[in-house]
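Student: Right, I'll just put the structure down here and ask away after.
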Amino acid sequence: MATPQSDTPLSPLRTVAVVGLGTMGTGIAEVLAAAGRDVIGIDVSEAQAAKCVAALEASTARAVERGRLTEQQRAELLARVTTGTDLSAAAPADLVIEVAPESYEIKQQIFRELDGIVRPDAVLATGTNALSVTRLAADSAHPERVLGLHFFNPAPAMKLVEVVSSVLTAPAAVTAVTDLALDLGKEPVAVGDRPGFVADGLLFGYLNQAAAMYEARYASREDIDAAMRLGCGLPMGPLALLDLIGIDTASTVLEAMYTASRDRLHAPAPILKQLSEAGLTGRKAGRGFYTYEAPGSGTVVADALTPREDGPSAVGRPVRSVGVAGSGTMASGIAEVFAKAGFEVVLAARSEEKAQAAKARIGKSLSRSVDKGRMTAEAAASTLDLIRATGTYDDFADVDLAVEAVAEDLEVKRQLFTTLDKVCKPGAVLATTTSSLPVVACARATSRPQDVIGMHFFNPAPAMKLVEVVRTVLTADDVHATVREVCSKIRKHAVDCGDRAGFIVNALLFPYLNNAVKMVQEHYATLDDIDAAMKLGGGYPMGPFELLDVVGLDVSLAIEKVLHREFRDPGLAPAPLLEHLVAAGCLGRKTGRGFREYAKR
């Protein structure tokens, strides 16, 4: 029998068998049938095959209701799908997509049987996101026709498809499957064979760290999830996403990644194994990190861990006036936020000129809000009138809350807190907006460490809803309550966390960014493919390299160094490529060149 050669083009993939009709297999079948392919659905369970048909009927009925399909198109789509339990039904298939459980034994058994059923020129694709495609191919009679075709859930909605080649895969098979993905309206990304590929390779490390953060009781599940949704613009928090994916599935993927990388960041957090072994595997079980209305439901219900509505027991201190120290973008943004909420604001900088320039920046921001119809001209004028710009911190004498937003340099901040300690009245709350430095170091620069707390705003402060409220071991209960109350008044979502490097958002975000740099450094995937994979496969608003260039490579490197120094984990060491770019002055958009080049303004 002839086998497909690397230069022999394959016929179009018109008939496709899908083996495994769970949620993913059903979604893939729908995508294929909607694109005019004849689909042969196969599952060992008759009940699962019937469930697949029912799901397709329900999904296409909704599409008709929403005007996306006509009744005739729906009937034709459903007629293109046949289901059964016998693998021999795959005989006429040009392509077989296997989406069975993540087990070498199960998948290898399927591939061995398919060798005796399908034509020698048929392409065999595995939908694995954790197992070695090479190992599966090597066990096949025709390894050159075996590759990975990794769809993302839900398959009809998610645009990304990772096309995974092994060293044995014939280029013609890759071309045929890539053409099919394009015809399905997907965006294929070509990657090599390693656990997790691109999207899951980056995503699951981040999810694992979030699970470990929760396991350490550093922050509540609600605060971790809210922080990543509001601080990074993600569609779901990491713990809710783990529940959706399946905690057992995540554990399997991470185990495979750790076996290949030996990176401790990929070693599954013990809580994942504990939940899996207890049968608390997420939404499908009705309980995982959260508790759900019923197995398979996405509706979260209250349980013993749900925060109480009545909030903290301590009563906060009254806050009528706020001092903001600094003249940069963050300082002016924070001053704008407080003034919009009706607080009297003293905006202090090292000179009168810098303070007035910061106030002028706020005026421009308010004017833009007026132009966009978000506020009236009168409201903008009265907001600006609430801000008094000054070149001396002595004018903080009567403020109830002082917020420091100066350079991210510990010595600069410590000196400022020493000054605030002298000029601010007794009982005033002193807050730092640091994103990575120890809050307690600022507190120890004062004679009243109990009054010092972290208030980490996100840039741009007027638009971003999140504030990380960082308590030190010395922070008083009423100071914490004060800041929580203030966050509510300025319409920000406060999340509580302890005083350790990176807090919640940066501690989870920057290792993910660092791992993306390592992927490029190791020539595993391109910048464009990684950015596309995370936007299309993970729902991220920006790809990691777009984000790094916006944040600034020097800022990113500084945060990664702080994280590495604090946690001492080799996996957190900054990627050498990032260090080299910073050393070369390629800092991102602000210098016109980072990972990409930008037109000069």
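Within each chain, counting starts at residue 1; across the structure tokens, chains are named A, B, ... in the order shown, with ligands numbered 1 upward in that order.
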Leaving out range 507-510 of chain A and any residue of its chain fewer than 3 positions from it, which residues lie within 7 Å of it when counting only C-alpha atoms, given as a list in words?
Tutor: Tyr206, Gln209, Ala210, Ala501, Gly502, Phe503, Ile504, Leu513, Asn514 and Glu560 of chain A
Student: For the residues selected in the previous step, produce a file with C-alpha atoms as an mmCIF file, in the first residue's frame.
Tutor:
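Full text of part-v4.cif as output:
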```
data_model
loop_
_atom_site.group_PDB
_atom_site.id
_atom_site.type_symbol
_atom_site.label_atom_id
_atom_site.label_comp_id
_atom_site.auth_asym_id
_atom_site.auth_seq_id
_atom_site.Cartn_x
_atom_site.Cartn_y
_atom_site.Cartn_z
ATOM 1 C CA TYR A 206 -1.186 30.457 35.121
ATOM 2 C CA GLN A 209 -0.405 29.228 40.149
ATOM 3 C CA ALA A 210 -3.870 30.608 40.849
ATOM 4 C CA ALA A 501 5.480 40.439 45.872
ATOM 5 C CA GLY A 502 3.082 40.944 42.987
ATOM 6 C CA PHE A 503 -0.044 40.765 45.169
ATOM 7 C CA ILE A 504 -2.677 38.891 43.092
ATOM 8 C CA LEU A 513 4.312 36.753 30.233
ATOM 9 C CA ASN A 514 7.772 35.410 31.093
ATOM 10 C CA GLU A 560 9.800 39.610 37.331
#
```
Student: Residues at most 7 Å from range 402-412 of chain A, counting only C-alpha atoms, excluding those fewer than 4 positions away in the same chain, as a list in words?
Tutor: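 Close residues of range 402-412 of chain A: Val322, Gly323, Val324, Ala325, Gly326, Met330, Ala331, Leu416, Val429, Leu430, Ala431, Thr432, Thr433, Thr434 and Leu437 of chain A.
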Student: Could you build a table of the residues in range 496-527 of chain A lying no more than 12 Å from range 266-288 of chain A, giving for each the nearest pair of atoms and their separation in Å rounded to one decimal place, using only C-alpha atoms, ordered by chain and ascending residue number, as a Markdown table?
Tutor:
```
| residue | atom | partner | partner_atom | distance |
| --- | --- | --- | --- | --- |
| A:Pro511 | CA | A:His266 | CA | 11.5 |
| A:Tyr512 | CA | A:His266 | CA | 11.5 |
| A:Asn515 | CA | A:His266 | CA | 11.1 |
```
Student: Can you list every residue in range 34-75 of chain A that DSSP puts in strand (DSSP E or B), as JSON, numbers by chain?
Tutor: {"A": [38, 39, 40, 41, 42]}
Student: I'd like the contact shell of Arg484 in chain A - 12 Å cut-off, only C-alpha atoms, skipping same-chain residues fewer than 3 positions apart - returned as JSON, numbers by chain.
Tutor: {"A": [311, 312, 313, 314, 315, 316, 317, 319, 453, 454, 455, 466, 467, 468, 469, 470, 471, 477, 478, 479, 480, 481, 487, 488, 489, 490, 491, 492, 493, 494, 495, 496]}
Student: I want to know what sits within 12 Å of Gln48 in chain A, based on only C-alpha atoms, with residues of the same chain fewer than 6 positions away left out; could you give that as a ChimeraX atom specification?
Tutor: /A:19-23,25-26,41-42,54-55,83-85
Student: How about saving the chosen residues, all heavy atoms kept, as a PDB file, in the first residue's frame?
Tutor:
```pdb
ATOM      1  N   VAL A  19     -14.396  10.857  16.643  1.00  0.00           N
ATOM      2  CA  VAL A  19     -14.440   9.746  17.599  1.00  0.00           C
ATOM      3  C   VAL A  19     -14.412  10.324  19.016  1.00  0.00           C
ATOM      4  O   VAL A  19     -13.415  10.919  19.438  1.00  0.00           O
ATOM      5  CB  VAL A  19     -13.259   8.779  17.379  1.00  0.00           C
ATOM      6  CG1 VAL A  19     -13.323   7.637  18.384  1.00  0.00           C
ATOM      7  CG2 VAL A  19     -13.263   8.249  15.957  1.00  0.00           C
ATOM      8  N   GLY A  20     -15.511  10.158  19.735  1.00  0.00           N
ATOM      9  CA  GLY A  20     -15.665  10.749  21.065  1.00  0.00           C
ATOM     10  C   GLY A  20     -16.647  11.886  20.979  1.00  0.00           C
ATOM     11  O   GLY A  20     -16.332  12.946  20.429  1.00  0.00           O
ATOM     12  N   LEU A  21     -17.873  11.686  21.467  1.00  0.00           N
ATOM     13  CA  LEU A  21     -18.941  12.671  21.282  1.00  0.00           C
ATOM     14  C   LEU A  21     -19.339  13.354  22.586  1.00  0.00           C
ATOM     15  O   LEU A  21     -20.508  13.552  22.876  1.00  0.00           O
ATOM     16  CB  LEU A  21     -20.157  12.000  20.624  1.00  0.00           C
ATOM     17  CG  LEU A  21     -19.888  11.427  19.225  1.00  0.00           C
ATOM     18  CD1 LEU A  21     -21.126  10.734  18.682  1.00  0.00           C
ATOM     19  CD2 LEU A  21     -19.422  12.525  18.262  1.00  0.00           C
ATOM     20  N   GLY A  22     -18.320  13.724  23.371  1.00  0.00           N
ATOM     21  CA  GLY A  22     -18.567  14.561  24.545  1.00  0.00           C
ATOM     22  C   GLY A  22     -18.806  15.994  24.090  1.00  0.00           C
ATOM     23  O   GLY A  22     -19.110  16.249  22.918  1.00  0.00           O
ATOM     24  N   THR A  23     -18.633  16.933  25.003  1.00  0.00           N
ATOM     25  CA  THR A  23     -18.879  18.343  24.685  1.00  0.00           C
ATOM     26  C   THR A  23     -18.022  18.807  23.516  1.00  0.00           C
ATOM     27  O   THR A  23     -18.514  19.453  22.582  1.00  0.00           O
ATOM     28  CB  THR A  23     -18.586  19.228  25.915  1.00  0.00           C
ATOM     29  OG1 THR A  23     -19.395  18.782  27.004  1.00  0.00           O
ATOM     30  CG2 THR A  23     -18.873  20.684  25.627  1.00  0.00           C
ATOM     31  N   GLY A  25     -16.314  16.899  21.186  1.00  0.00           N
ATOM     32  CA  GLY A  25     -16.606  16.168  19.964  1.00  0.00           C
ATOM     33  C   GLY A  25     -17.893  16.640  19.312  1.00  0.00           C
ATOM     34  O   GLY A  25     -17.969  16.798  18.081  1.00  0.00           O
ATOM     35  N   THR A  26     -18.906  16.905  20.127  1.00  0.00           N
ATOM     36  CA  THR A  26     -20.184  17.400  19.612  1.00  0.00           C
ATOM     37  C   THR A  26     -20.003  18.769  18.961  1.00  0.00           C
ATOM     38  O   THR A  26     -20.541  19.039  17.882  1.00  0.00           O
ATOM     39  CB  THR A  26     -21.222  17.486  20.751  1.00  0.00           C
ATOM     40  OG1 THR A  26     -21.418  16.177  21.289  1.00  0.00           O
ATOM     41  CG2 THR A  26     -22.549  18.036  20.255  1.00  0.00           C
ATOM     42  N   GLY A  41     -20.185  10.569  13.435  1.00  0.00           N
ATOM     43  CA  GLY A  41     -19.913  10.663  14.863  1.00  0.00           C
ATOM     44  C   GLY A  41     -19.892   9.279  15.492  1.00  0.00           C
ATOM     45  O   GLY A  41     -20.819   8.488  15.277  1.00  0.00           O
ATOM     46  N   ILE A  42     -18.847   8.994  16.262  1.00  0.00           N
ATOM     47  CA  ILE A  42     -18.696   7.663  16.861  1.00  0.00           C
ATOM     48  C   ILE A  42     -18.374   7.796  18.342  1.00  0.00           C
ATOM     49  O   ILE A  42     -17.490   8.568  18.728  1.00  0.00           O
ATOM     50  CB  ILE A  42     -17.566   6.875  16.151  1.00  0.00           C
ATOM     51  CG1 ILE A  42     -17.844   6.765  14.647  1.00  0.00           C
ATOM     52  CG2 ILE A  42     -17.415   5.475  16.763  1.00  0.00           C
ATOM     53  CD1 ILE A  42     -16.647   6.280  13.829  1.00  0.00           C
ATOM     54  N   ALA A  54     -29.070  15.128  20.278  1.00  0.00           N
ATOM     55  CA  ALA A  54     -29.982  16.039  20.964  1.00  0.00           C
ATOM     56  C   ALA A  54     -29.355  17.425  21.125  1.00  0.00           C
ATOM     57  O   ALA A  54     -30.030  18.453  20.946  1.00  0.00           O
ATOM     58  CB  ALA A  54     -30.352  15.467  22.332  1.00  0.00           C
ATOM     59  N   ALA A  55     -28.055  17.454  21.450  1.00  0.00           N
ATOM     60  CA  ALA A  55     -27.354  18.731  21.614  1.00  0.00           C
ATOM     61  C   ALA A  55     -27.284  19.492  20.292  1.00  0.00           C
ATOM     62  O   ALA A  55     -27.470  20.713  20.251  1.00  0.00           O
ATOM     63  CB  ALA A  55     -25.950  18.496  22.165  1.00  0.00           C
ATOM     64  N   THR A  83     -24.550   9.152  13.498  1.00  0.00           N
ATOM     65  CA  THR A  83     -23.837   8.717  14.700  1.00  0.00           C
ATOM     66  C   THR A  83     -23.982   7.217  14.904  1.00  0.00           C
ATOM     67  O   THR A  83     -24.932   6.599  14.405  1.00  0.00           O
ATOM     68  CB  THR A  83     -24.368   9.434  15.962  1.00  0.00           C
ATOM     69  OG1 THR A  83     -25.746   9.120  16.133  1.00  0.00           O
ATOM     70  CG2 THR A  83     -24.188  10.933  15.877  1.00  0.00           C
ATOM     71  N   GLY A  84     -23.014   6.656  15.620  1.00  0.00           N
ATOM     72  CA  GLY A  84     -23.057   5.239  15.932  1.00  0.00           C
ATOM     73  C   GLY A  84     -22.009   4.887  16.960  1.00  0.00           C
ATOM     74  O   GLY A  84     -21.298   5.767  17.468  1.00  0.00           O
ATOM     75  N   THR A  85     -21.895   3.594  17.252  1.00  0.00           N
ATOM     76  CA  THR A  85     -20.952   3.143  18.282  1.00  0.00           C
ATOM     77  C   THR A  85     -19.845   2.259  17.718  1.00  0.00           C
ATOM     78  O   THR A  85     -18.960   1.840  18.469  1.00  0.00           O
ATOM     79  CB  THR A  85     -21.707   2.363  19.372  1.00  0.00           C
ATOM     80  OG1 THR A  85     -22.373   1.252  18.756  1.00  0.00           O
ATOM     81  CG2 THR A  85     -22.724   3.240  20.076  1.00  0.00           C
TER      82      THR A  85
END
```
Student: Within 7 Å of Ala137 in chain A, counting only C-alpha atoms, which residues qualify if same-chain residues fewer than 4 places away don't, as a list in words?
Tutor: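 Returned residues: Val133, Pro143 and Val146 of chain A.
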Student: Residues within 10 Å of Ala138 in chain A, please, as number ranges by chain. Count only C-alpha atoms; anything in the same chain fewer than 3 positions from it doesn't count.
Tutor: A: 108, 133-135, 141-144, 146, 166-168
Student: Could you go through range 202-347 of chain A and tell me which residues DSSP, when run on the backbone, assigns to helix (DSSP H, G or I), listing them as a PyMOL selection string?
Tutor: chain A and resi 202-215+221-232+238-245+247-261+264-266+270-277+283-285+329-340
Student: Which neighbours of Pro12 in chain A fall inside 10 Å, counting only C-alpha atoms, when residues of the same chain fewer than 5 positions from it are skipped, and could you give them as a list in words?
Tutor: Asp94, Leu95, Ala176, Val177, Asp179 and Leu180 of chain A
Student: Those residues you just picked out, can you put them in a file as a compact mmCIF listing (two decimals), in the first residue's frame with C-alpha atoms?
Tutor:
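Everything below was put into again-v4.txt:
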```txt
# COMPACT_ATOMS: atom_id res chain seq x y z
CA ASP A 94 -10.86 11.36 4.64
CA LEU A 95 -10.03 12.60 8.14
CA ALA A 176 -4.74 19.45 4.13
CA VAL A 177 -5.77 19.96 7.75
CA ASP A 179 -6.83 24.23 4.59
CA LEU A 180 -9.76 22.53 6.30
```
